[in-house]
Every structure is written in structure tokens, then in C-alpha cells.
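A.B. asks: This is upload_33.cif, which holds mmCIF, C-alpha atoms (C1' of nucleotides):
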data_upload
loop_
_atom_site.label_atom_id
_atom_site.label_comp_id
_atom_site.auth_asym_id
_atom_site.auth_seq_id
_atom_site.Cartn_x
_atom_site.Cartn_y
_atom_site.Cartn_z
CA MET R 1 64.89 37.92 -28.01
CA ILE R 2 62.36 36.00 -30.01
CA PRO R 3 58.84 37.29 -29.43
CA ASN R 4 56.84 35.01 -27.18
CA GLU R 5 55.48 32.36 -29.48
CA THR R 6 52.56 31.50 -27.25
CA LYS R 7 51.04 34.79 -28.35
CA LYS R 8 48.73 33.81 -31.14
CA LYS R 9 48.10 35.85 -34.22
CA LYS R 10 44.79 37.66 -34.26
CA LEU R 11 41.99 35.84 -36.03
CA SER R 12 40.85 37.33 -39.31
CA SER R 13 37.43 38.97 -39.50
CA ASN R 14 36.19 36.05 -41.50
CA MET R 15 37.34 33.50 -38.98
CA GLU R 16 35.80 35.56 -36.17
CA ASP R 17 32.55 35.43 -38.09
CA TYR R 18 32.70 31.67 -38.36
CA LEU R 19 33.48 31.36 -34.69
CA GLU R 20 30.66 33.67 -33.68
CA THR R 21 28.22 31.76 -35.83
CA ILE R 22 29.27 28.51 -34.22
CA TYR R 23 28.70 30.08 -30.82
CA ILE R 24 25.23 31.25 -31.79
CA LEU R 25 24.29 27.82 -33.10
CA ASP R 26 25.78 26.15 -30.07
CA GLN R 27 23.57 28.26 -27.83
CA LYS R 28 20.36 27.10 -29.40
CA ARG R 29 20.79 23.48 -30.35
CA GLU R 30 22.57 20.41 -29.06
CA THR R 31 24.83 19.88 -32.02
CA VAL R 32 26.44 22.05 -34.65
CA ARG R 33 26.93 20.77 -38.19
CA ILE R 34 28.83 22.15 -41.15
CA LYS R 35 25.53 22.43 -42.91
CA ASP R 36 24.05 24.69 -40.21
CA ILE R 37 26.97 27.09 -40.36
CA SER R 38 26.77 27.12 -44.13
CA ALA R 39 23.06 27.94 -44.06
CA LEU R 40 23.31 30.67 -41.43
CA MET R 41 26.26 32.42 -43.05
CA ASP R 42 25.12 31.86 -46.60
CA VAL R 43 28.40 30.40 -47.79
CA LYS R 44 29.14 27.04 -49.39
CA LYS R 45 29.87 24.02 -47.26
CA SER R 46 33.32 23.73 -48.76
CA SER R 47 34.13 27.20 -47.48
CA VAL R 48 32.94 26.23 -44.04
CA ASN R 49 35.08 23.16 -44.23
CA ASN R 50 38.09 25.26 -44.97
CA ALA R 51 37.30 27.58 -42.07
CA ILE R 52 36.80 24.70 -39.68
CA ASN R 53 40.22 23.37 -40.58
CA VAL R 54 41.77 26.71 -39.74
CA LEU R 55 39.87 26.98 -36.46
CA SER R 56 40.80 23.40 -35.61
CA GLU R 57 44.47 24.12 -36.07
CA ARG R 58 44.08 27.03 -33.71
CA GLU R 59 42.43 24.70 -31.21
CA LEU R 60 39.31 26.82 -31.13
CA VAL R 61 37.05 24.00 -32.27
CA ARG R 62 37.23 20.25 -32.50
CA HIS R 63 35.90 18.45 -35.51
CA GLU R 64 36.10 14.83 -36.52
CA LYS R 65 35.48 13.94 -40.13
CA TYR R 66 31.79 13.78 -40.91
CA GLY R 67 31.07 14.69 -37.30
CA TYR R 68 29.87 17.63 -35.26
CA VAL R 69 31.70 20.87 -34.65
CA VAL R 70 32.47 21.47 -30.99
CA LEU R 71 33.91 24.59 -29.38
CA THR R 72 36.96 24.13 -27.20
CA LEU R 73 37.17 26.05 -23.94
CA GLU R 74 39.30 28.68 -25.60
CA GLY R 75 37.03 28.80 -28.59
CA ARG R 76 34.02 29.24 -26.39
CA GLN R 77 35.57 32.10 -24.47
CA LEU R 78 36.69 33.87 -27.60
CA SER R 79 33.43 33.44 -29.48
CA LYS R 80 31.48 34.58 -26.47
CA ALA R 81 33.55 37.73 -26.31
CA ILE R 82 32.92 38.41 -29.98
CA LYS R 83 29.21 37.90 -29.51
CA LYS R 84 29.21 40.28 -26.56
CA ARG R 85 30.95 42.91 -28.64
CA HIS R 86 28.30 42.42 -31.27
CA ASP R 87 25.41 42.80 -28.84
CA LEU R 88 27.01 45.83 -27.29
CA LEU R 89 27.28 47.53 -30.65
CA VAL R 90 23.70 46.69 -31.53
CA ARG R 91 22.56 48.25 -28.28
CA PHE R 92 24.61 51.34 -28.84
CA LEU R 93 23.58 51.82 -32.45
CA GLY R 94 19.95 50.97 -31.87
CA GLY R 95 19.35 52.17 -28.35
CA ILE R 96 21.38 55.34 -28.28
CA LEU R 97 21.85 56.47 -31.86
CA GLY R 98 18.43 55.26 -32.87
CA VAL R 99 19.64 53.34 -35.90
CA ASP R 100 17.01 50.93 -37.21
CA GLU R 101 17.29 47.34 -36.06
CA GLN R 102 18.42 45.84 -39.35
CA THR R 103 21.09 48.42 -40.05
CA ALA R 104 22.27 48.24 -36.45
CA VAL R 105 22.79 44.50 -36.77
CA GLU R 106 24.52 44.79 -40.13
CA ASP R 107 26.85 47.51 -38.93
CA ALA R 108 27.56 45.67 -35.71
CA CYS R 109 28.49 42.58 -37.71
CA ARG R 110 31.22 44.52 -39.41
CA MET R 111 32.26 46.78 -36.54
CA GLU R 112 32.64 43.95 -34.05
CA HIS R 113 35.78 42.81 -35.85
CA VAL R 114 37.54 46.12 -35.86
CA ILE R 115 37.04 47.89 -32.55
CA SER R 116 39.82 47.81 -29.99
CA SER R 117 39.36 46.54 -26.48
CA VAL R 118 39.64 50.12 -25.25
CA THR R 119 36.77 51.31 -27.41
CA ASN R 120 34.79 48.22 -26.51
CA ASP R 121 35.28 48.97 -22.85
CA ARG R 122 34.25 52.60 -23.23
CA LEU R 123 31.14 51.70 -25.15
CA ARG R 124 30.23 49.21 -22.47
CA LYS R 125 30.63 51.88 -19.82
CA PHE R 126 28.64 54.33 -21.86
CA ILE R 127 25.71 51.96 -22.03
CA GLU R 128 26.08 51.10 -18.36
CA PHE R 129 26.01 54.80 -17.64
CA VAL R 130 22.75 55.18 -19.49
CA ASP R 131 21.27 52.03 -17.99
CA THR R 132 22.03 53.03 -14.44
CA CYS R 133 20.43 56.43 -14.80
CA PRO R 134 19.30 57.50 -11.32
CA THR R 135 15.74 58.10 -12.40
CA GLY R 136 15.61 54.50 -13.56
CA GLU R 137 14.49 55.63 -16.98
CA LYS R 138 15.92 57.15 -20.08
CA PRO R 139 17.93 60.17 -18.99
CA GLU R 140 16.66 63.55 -20.07
CA TRP R 141 19.64 64.35 -22.27
CA LEU R 142 19.07 61.14 -24.21
CA ASN R 143 15.49 62.16 -24.84
CA SER R 144 16.80 65.46 -26.10
CA LEU R 145 19.30 63.66 -28.31
CA THR R 146 16.56 61.49 -29.79
CA TYR R 147 14.51 64.58 -30.44
CA TYR R 148 17.48 66.29 -32.04
CA ILE R 149 18.17 63.30 -34.27
CA GLU R 150 14.57 63.13 -35.38
CA LYS R 151 13.75 66.81 -35.75
CA GLY R 152 17.15 68.31 -36.40
CA LYS R 153 16.77 70.77 -33.54
CA ARG R 154 16.79 70.75 -29.77
CA PRO R 155 13.58 70.48 -27.81
CA LYS R 156 12.42 73.79 -26.29
CA THR R 157 13.49 72.73 -22.80
CA CYS R 158 17.01 72.36 -24.06
CA THR R 159 17.69 75.58 -25.94
CA LYS R 160 17.96 78.24 -23.31
CA LYS R 161 21.06 79.98 -22.14
CA ILE R 162 22.82 80.01 -25.49
CA LYS R 163 26.02 81.97 -25.23
CA ARG R 164 28.15 81.60 -28.32
CA LYS R 165 30.56 84.14 -29.71
CA MET W 166 15.56 43.21 -65.97
CA ILE W 167 19.28 43.56 -65.81
CA PRO W 168 20.39 45.53 -62.74
CA ASN W 169 21.38 49.06 -63.63
CA GLU W 170 24.98 48.80 -64.69
CA THR W 171 25.78 52.40 -63.89
CA LYS W 172 25.63 51.41 -60.24
CA LYS W 173 29.25 50.81 -59.32
CA LYS W 174 30.41 48.16 -56.97
CA LYS W 175 31.48 49.36 -53.57
CA LEU W 176 35.19 49.96 -53.18
CA SER W 177 37.05 47.52 -50.97
CA SER W 178 38.37 48.73 -47.62
CA ASN W 179 41.85 48.63 -49.01
CA MET W 180 40.99 50.75 -51.99
CA GLU W 181 39.18 53.21 -49.75
CA ASP W 182 42.35 53.46 -47.72
CA TYR W 183 44.41 54.25 -50.78
CA LEU W 184 41.91 56.84 -51.89
CA GLU W 185 41.81 58.50 -48.49
CA THR W 186 45.58 58.64 -48.34
CA ILE W 187 45.69 60.29 -51.75
CA TYR W 188 43.19 62.85 -50.50
CA ILE W 189 45.25 63.60 -47.42
CA LEU W 190 48.41 64.03 -49.48
CA ASP W 191 46.59 66.12 -52.02
CA GLN W 192 45.47 68.49 -49.27
CA LYS W 193 48.96 69.30 -48.15
CA ARG W 194 51.16 69.34 -51.22
CA GLU W 195 50.94 70.25 -54.86
CA THR W 196 51.62 66.86 -56.32
CA VAL W 197 51.06 63.29 -55.20
CA ARG W 198 53.54 60.57 -56.14
CA ILE W 199 53.42 56.81 -55.80
CA LYS W 200 56.32 57.10 -53.44
CA ASP W 201 54.42 59.41 -51.06
CA ILE W 202 51.50 57.03 -50.83
CA SER W 203 53.84 54.13 -50.29
CA ALA W 204 55.60 55.95 -47.45
CA LEU W 205 52.44 57.11 -45.70
CA MET W 206 50.70 53.76 -45.87
CA ASP W 207 53.80 51.71 -45.24
CA VAL W 208 53.30 49.40 -48.20
CA LYS W 209 55.58 48.70 -51.15
CA LYS W 210 55.47 50.85 -54.25
CA SER W 211 54.44 47.89 -56.34
CA SER W 212 51.34 47.49 -54.18
CA VAL W 213 50.51 51.15 -54.62
CA ASN W 214 50.95 50.72 -58.34
CA ASN W 215 48.45 47.92 -58.35
CA ALA W 216 45.99 49.99 -56.35
CA ILE W 217 46.38 52.98 -58.63
CA ASN W 218 45.56 50.82 -61.61
CA VAL W 219 42.35 49.71 -59.94
CA LEU W 220 41.40 53.27 -58.97
CA SER W 221 42.22 54.48 -62.48
CA GLU W 222 39.89 51.94 -64.02
CA ARG W 223 37.20 53.21 -61.71
CA GLU W 224 37.92 56.74 -62.88
CA LEU W 225 38.65 57.87 -59.35
CA VAL W 226 42.18 58.96 -60.14
CA ARG W 227 44.18 59.75 -63.23
CA HIS W 228 47.74 58.58 -63.57
CA GLU W 229 50.15 58.67 -66.48
CA LYS W 230 53.13 56.39 -66.43
CA TYR W 231 55.89 57.81 -64.29
CA GLY W 232 53.70 60.80 -63.55
CA TYR W 233 51.68 62.22 -60.69
CA VAL W 234 48.50 60.81 -59.24
CA VAL W 235 45.55 63.16 -59.62
CA LEU W 236 42.07 62.79 -58.15
CA THR W 237 39.15 63.02 -60.55
CA LEU W 238 36.08 64.95 -59.48
CA GLU W 239 34.38 61.75 -58.44
CA GLY W 240 37.50 60.52 -56.68
CA ARG W 241 37.77 63.77 -54.80
CA GLN W 242 34.19 63.66 -53.62
CA LEU W 243 34.44 60.07 -52.52
CA SER W 244 37.76 60.43 -50.76
CA LYS W 245 36.57 63.55 -49.00
CA ALA W 246 33.55 61.67 -47.71
CA ILE W 247 35.76 58.88 -46.42
CA LYS W 248 38.01 61.38 -44.68
CA LYS W 249 35.02 63.06 -43.08
CA ARG W 250 33.81 59.73 -41.78
CA HIS W 251 37.24 59.17 -40.34
CA ASP W 252 37.38 62.52 -38.59
CA LEU W 253 33.90 62.05 -37.23
CA LEU W 254 34.83 58.73 -35.70
CA VAL W 255 37.98 60.16 -34.17
CA ARG W 256 35.95 62.92 -32.56
CA PHE W 257 33.39 60.49 -31.24
CA LEU W 258 35.90 58.01 -29.90
CA GLY W 259 38.22 60.64 -28.49
CA GLY W 260 35.89 63.42 -27.53
CA ILE W 261 32.95 61.50 -26.18
CA LEU W 262 34.18 58.05 -25.20
CA GLY W 263 37.51 59.40 -24.04
CA VAL W 264 39.56 56.88 -25.99
CA ASP W 265 43.20 57.91 -26.23
CA GLU W 266 44.24 59.71 -29.39
CA GLN W 267 46.28 56.90 -30.93
CA THR W 268 43.69 54.20 -30.36
CA ALA W 269 40.94 56.52 -31.58
CA VAL W 270 42.78 57.07 -34.83
CA GLU W 271 43.55 53.38 -35.26
CA ASP W 272 39.97 52.34 -34.60
CA ALA W 273 38.60 55.06 -36.83
CA CYS W 274 40.85 53.85 -39.65
CA ARG W 275 39.14 50.50 -39.53
CA MET W 276 35.64 51.61 -38.62
CA GLU W 277 35.43 54.21 -41.37
CA HIS W 278 35.19 51.44 -43.95
CA VAL W 279 32.37 49.55 -42.33
CA ILE W 280 29.78 51.97 -40.97
CA SER W 281 26.62 52.57 -42.93
CA SER W 282 25.49 55.99 -44.04
CA VAL W 283 22.71 55.81 -41.45
CA THR W 284 25.12 55.24 -38.59
CA ASN W 285 27.42 57.88 -40.00
CA ASP W 286 24.56 60.34 -40.05
CA ARG W 287 23.52 59.55 -36.50
CA LEU W 288 27.03 59.90 -35.19
CA ARG W 289 27.31 63.24 -36.91
CA LYS W 290 24.12 64.40 -35.28
CA PHE W 291 25.24 63.10 -31.92
CA ILE W 292 28.38 65.19 -32.09
CA GLU W 293 26.45 68.17 -33.36
CA PHE W 294 24.14 67.75 -30.42
CA VAL W 295 27.02 67.86 -28.00
CA ASP W 296 28.72 70.75 -29.81
CA THR W 297 25.62 72.90 -29.80
CA CYS W 298 25.04 72.48 -26.11
CA PRO W 299 23.15 75.57 -24.94
CA THR W 300 25.66 76.38 -22.22
CA GLY W 301 28.30 76.56 -24.91
CA GLU W 302 30.40 74.07 -23.01
CA LYS W 303 30.57 70.39 -22.31
CA PRO W 304 27.09 69.36 -21.21
CA GLU W 305 26.73 68.21 -17.65
CA TRP W 306 25.77 64.66 -18.55
CA LEU W 307 28.95 64.30 -20.57
CA ASN W 308 30.98 65.39 -17.59
CA SER W 309 29.16 62.74 -15.60
CA LEU W 310 29.89 60.18 -18.28
CA THR W 311 33.58 61.05 -18.26
CA TYR W 312 33.59 60.72 -14.50
CA TYR W 313 31.80 57.40 -14.72
CA ILE W 314 34.26 56.09 -17.31
CA GLU W 315 37.22 57.14 -15.20
CA LYS W 316 36.00 56.24 -11.73
CA GLY W 317 33.50 53.50 -12.46
CA LYS W 318 30.76 55.31 -10.55
CA ARG W 319 28.55 58.31 -10.98
CA PRO W 320 29.50 61.66 -9.48
CA LYS W 321 27.58 62.55 -6.32
CA THR W 322 25.45 65.08 -8.13
CA CYS W 323 24.23 62.35 -10.38
CA THR W 324 23.22 59.57 -8.02
CA LYS W 325 20.12 60.78 -6.28
CA LYS W 326 16.60 59.63 -6.85
CA ILE W 327 17.51 56.03 -7.55
CA LYS W 328 14.37 53.99 -7.81
CA ARG W 329 15.09 50.48 -9.00
CA LYS W 330 13.18 47.37 -8.14
"C1'" DT D 331 76.30 64.76 -72.68
"C1'" DC D 332 76.37 60.94 -69.93
"C1'" DT D 333 75.96 58.72 -65.83
"C1'" DC D 334 73.84 58.04 -61.49
"C1'" DC D 335 70.07 57.64 -58.53
"C1'" DA D 336 65.43 58.22 -57.15
"C1'" DT D 337 61.32 56.65 -58.58
"C1'" DG D 338 58.12 53.70 -61.10
"C1'" DT D 339 56.79 49.31 -63.35
"C1'" DT D 340 56.46 44.47 -64.17
"C1'" DA D 341 56.67 39.63 -63.22
"C1'" DG D 342 55.99 36.11 -60.32
"C1'" DA D 343 55.15 34.02 -55.86
"C1'" DG D 344 52.39 33.80 -51.53
"C1'" DT D 345 48.13 34.29 -48.49
"C1'" DA D 346 43.49 33.97 -47.38
"C1'" DC D 347 39.68 33.58 -48.66
"C1'" DT D 348 35.69 32.51 -52.33
"C1'" DC D 349 33.33 29.25 -55.47
"C1'" DT D 350 31.94 24.92 -58.50
"C1'" DA D 351 32.05 20.23 -59.41
"C1'" DA D 352 33.10 15.73 -58.44
"C1'" DC D 353 33.33 12.36 -55.13
"C1'" DA D 354 32.92 10.06 -50.29
"C1'" DT D 355 30.41 8.98 -46.28
"C1'" DG D 356 26.62 7.96 -43.31
"C1'" DT D 357 21.67 7.68 -42.41
"C1'" DT D 358 17.10 6.59 -43.54
"C1'" DT D 359 13.79 3.93 -45.54
"C1'" DG D 360 11.53 0.68 -48.70
"C1'" DC Z 361 20.17 -5.15 -46.81
"C1'" DA Z 362 20.54 -1.92 -50.32
"C1'" DA Z 363 19.31 2.10 -52.76
"C1'" DA Z 364 18.48 6.88 -52.23
"C1'" DC Z 365 19.35 11.02 -50.14
"C1'" DA Z 366 21.53 14.27 -47.05
"C1'" DT Z 367 25.73 15.78 -45.66
"C1'" DG Z 368 30.77 16.33 -45.80
"C1'" DT Z 369 35.31 16.45 -48.25
"C1'" DT Z 370 38.57 17.37 -51.82
"C1'" DA Z 371 40.51 19.37 -55.90
"C1'" DG Z 372 41.10 23.06 -58.60
"C1'" DA Z 373 40.11 27.65 -60.27
"C1'" DG Z 374 39.28 32.63 -59.31
"C1'" DT Z 375 39.76 37.18 -56.70
"C1'" DA Z 376 42.05 40.65 -54.34
"C1'" DC Z 377 45.32 41.81 -52.23
"C1'" DT Z 378 50.46 41.34 -50.29
"C1'" DC Z 379 55.49 41.00 -51.15
"C1'" DT Z 380 60.43 40.57 -53.43
"C1'" DA Z 381 63.39 41.13 -57.14
"C1'" DA Z 382 64.56 42.58 -61.49
"C1'" DC Z 383 64.23 46.02 -64.74
"C1'" DA Z 384 62.78 50.78 -66.93
"C1'" DT Z 385 62.47 55.71 -66.87
"C1'" DG Z 386 63.61 60.37 -66.28
"C1'" DG Z 387 65.74 64.26 -64.16
"C1'" DA Z 388 70.02 66.44 -62.00
"C1'" DG Z 389 74.77 67.04 -61.50
"C1'" DA Z 390 79.81 66.16 -62.99
#
Would you kindly transcribe this structure into C-alpha cells?

C.D. replies:
Amino acid sequence: MIPNETKKKKLSSNMEDYLETIYILDQKRETVRIKDISALMDVKKSSVNNAINVLSERELVRHEKYGYVVLTLEGRQLSKAIKKRHDLLVRFLGGILGVDEQTAVEDACRMEHVISSVTNDRLRKFIEFVDTCPTGEKPEWLNSLTYYIEKGKRPKTCTKKIKRK
Amino acid sequence: MIPNETKKKKLSSNMEDYLETIYILDQKRETVRIKDISALMDVKKSSVNNAINVLSERELVRHEKYGYVVLTLEGRQLSKAIKKRHDLLVRFLGGILGVDEQTAVEDACRMEHVISSVTNDRLRKFIEFVDTCPTGEKPEWLNSLTYYIEKGKRPKTCTKKIKRK
DNA sequence: TCTCCATGTTAGAGTACTCTAACATGTTTG
DNA sequence: CAAACATGTTAGAGTACTCTAACATGGAGA
């Protein structure tokens, strides 16, 4: 049995980055140009060109010579998913672990390419769990966690009943 | 001003992987051979050879032709740190998010190369926070989280006092 | 000792990017 | 309309890995 050839190889991290950038640009302007991608990612236009050729072959974008870059349906779905993963990670790192904004974004940019769908799903649920806290606010344990991260020890309200061997 | 040249370039993910593998092997046997690394990482010996040359130039390992691979002090410290990062991630993914063992290990193997020291530190504190729970057991909120992840809803004891607009 | 075999090394090709530099195209403007 | 400028493309080199295949080394047994 030959493995199903409709199953496409996973995109490389770099190509995912290009795709995500195209998605971001697409969301905030009418047209996306090679030049825009180049500027946002801080790579040369020739590198973008190379990437666009790869993404075109995968049918994730369409691009006519000297023209705009346009996401295909598949490309849009995929890039949107990558962007969601990114945002999720930023929220987790920033909102729960209290990592500073810049570091959270930088880490998310790298982590978004390597986490499995299972981990992604669990992180999403974790954040949902925090967001849907019955009190409608930050749950008490999370306040304690923040305190612990900042001070290195538990708040007084969270230290009683210690029973360790 | 020329940037301080004692500052060494960051190791690539691949080289970190090689170094971590050497550390793991070093921990459980007297000597480390090219062949062992090759087997554990599932790459060809020639690739290991190439990696060892790079790590030797960086003074992270010592290796005489046809001999053993030995970690230098610096190599030991660095590889130990990488391994710790790995273990931390496995504990977080497995122990808190409830990701299955195999996926947790796979994800950790990729994530360990991309998280910043800040995120690493926060994750460590998060786990510490859970481990030092005053009751000496899994904190109640974590039980609720596990329930939420499994069932998609909060346990009864965790749903009262909802006040959302 | 000598031969065999496990192990290690080298050479050379392939992949997936990066860049610079030269050149092509298309748009704007004088 | 044509020159000037912005933008895009191509060619070719460089990096950091991967592999296969051929060859070298060294230790253990006949």
C-alpha cells in the first residue's frame, strides 16, 4: 500500500512564518505585496520570492508575476490556524505565566511552529477554564500564582494546612 | 565598538539536541560513542561525526579520533540546562495540561529549543507552585481544570456564583 | 599474528533556506 | 511620452544540516 498521496507534507517553520505574515497583512490592507512581507519579516525580497514560489506550488497562495499575493481558501484556513496558535500562546505566556509582552510574543513566534494539536487544544481549554471562572474575574489560585511568581512565596491566605513528610 | 567576541553564538536546535543526547548517555554509562548517539537520535554516524566536530570547536565536547566523546565542563553545564528545560516541559505538558506521555515528550523535545529563559523560569515557578500546594496534594483548581479538560465543563462545585453580563 | 567485523571518518551529493548583485518590469511624474 | 524610481525576479554563492557510499581504524578471536 502506498501511503495516501493527498496527505501533504507538513510546512516548515519558515514557510509557516511566511504564511502567517501574509495572513496578518491580508487582515489589515486590501492587497499584499512581496515588499510588505519583506519589510514585516525583515528578510530580502528575493527570499520572499523564493518562499512565495514554494507556497504557490502548495496551492496556499496565488501569485502572478509582478502582482499581488493572494491566499487560497486552504492557505487562509491554515494561516488562520497558525495565527490562532500564536495568539493563544501569547495569552498563556503573558496572561497566566506573567511573561512580559515582548518576550511572550517572541516565544510564541517560535513555539507556534512546534506544538502539537493536542497541546494546542489543552492550552486553549486551560485559558477557557480561566476565562470562564465563575466569579467572572481572575480566579483566586491565579492571583496566588502571580504572587508566588513575583515574591517567590505563597500569599498568607494560601499557606495554611501544610502537611508534608 | 566591536561587540564582545567572548559572547558565543547560540547553538542551533540541532546542536542542542546532540548535546542533550550526549548528556543523557553520559548519565547512564561510562563512555559515550558516536554509535550510541547515532542509535539514540536515529541519524547516521556521519551526521553525528559532523555534529561532534562542531561541538568540539565550541569546546563543548572533547573527542579524539576513534575515541570516546567526553563533555567539557561548559558542555556539561549547558547540556544539563537543556535537559532540565526538557523535563520541566514534560512535567508541565503531562502533569498540568494532561497531555499524553508520548506527545508531551515529543512536544518538549521541540519546545525546549525555543523557549526563553524568562518563560522557562515562569514555568518552573508554576510547577513549584503546584508542587508546594499547602494540602500536600493536587490543588482543587487543578482537579477542576482536569475535569474541564476531560468533560468540557466545570465540575458542579466550581460553577456557582456566575455573574457575567 | 592475522583476519574479520564493529565502529569511525571522509567525500560528495541533496535540501532548504539565507543573502548580494544584476537585471526586468511597471508606475509615476515632469 | 519618456525618464526615474519603486518593486519584483533571477542567478549564483553561502550555511547548516541531511544522507549514501567508500574507505580507515582498532580490537577480539581463530

A.B. asks: Counting all atoms listed in the file, which residues of chain W come no farther than 8 Å from chain Z, as a list in words?

C.D. replies: Lys209, Ser212 and Tyr231 of chain W

A.B. asks: What's the separation between atom CA of W:Ile314 and atom CA of R:Phe126, in Å to one decimal place?

C.D. replies: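 Distance between the two atoms: 7.4 Å.
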
A.B. asks: Translate the PyMOL selection byres ((chain W and resi 277-290) around 8), as applied to the file shown, into an explicit residue set as a count of residues only.

C.D. replies: 27

A.B. asks: Measure the distance from atom CA of R:Tyr68 to atom C1' of D:DT345 in Å and round it to one decimal.

C.D. replies: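 Value for the atom CA of R:Tyr68-atom C1' of D:DT345 distance: 28.0 Å.
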
A.B. asks: Please compute the atom CA of W:Ser221-atom C1' of D:DT339 distance, one decimal, in Å.

C.D. replies: 15.5 Å

A.B. asks: Residues of chain R no more than 12 Å from chain D, counting all atoms listed in the file: send them over as JSON, numbers by chain.

C.D. replies: {"R": [11, 12, 13, 14, 15, 43, 44, 45, 46, 47, 48, 50, 51, 54, 65, 66, 67]}
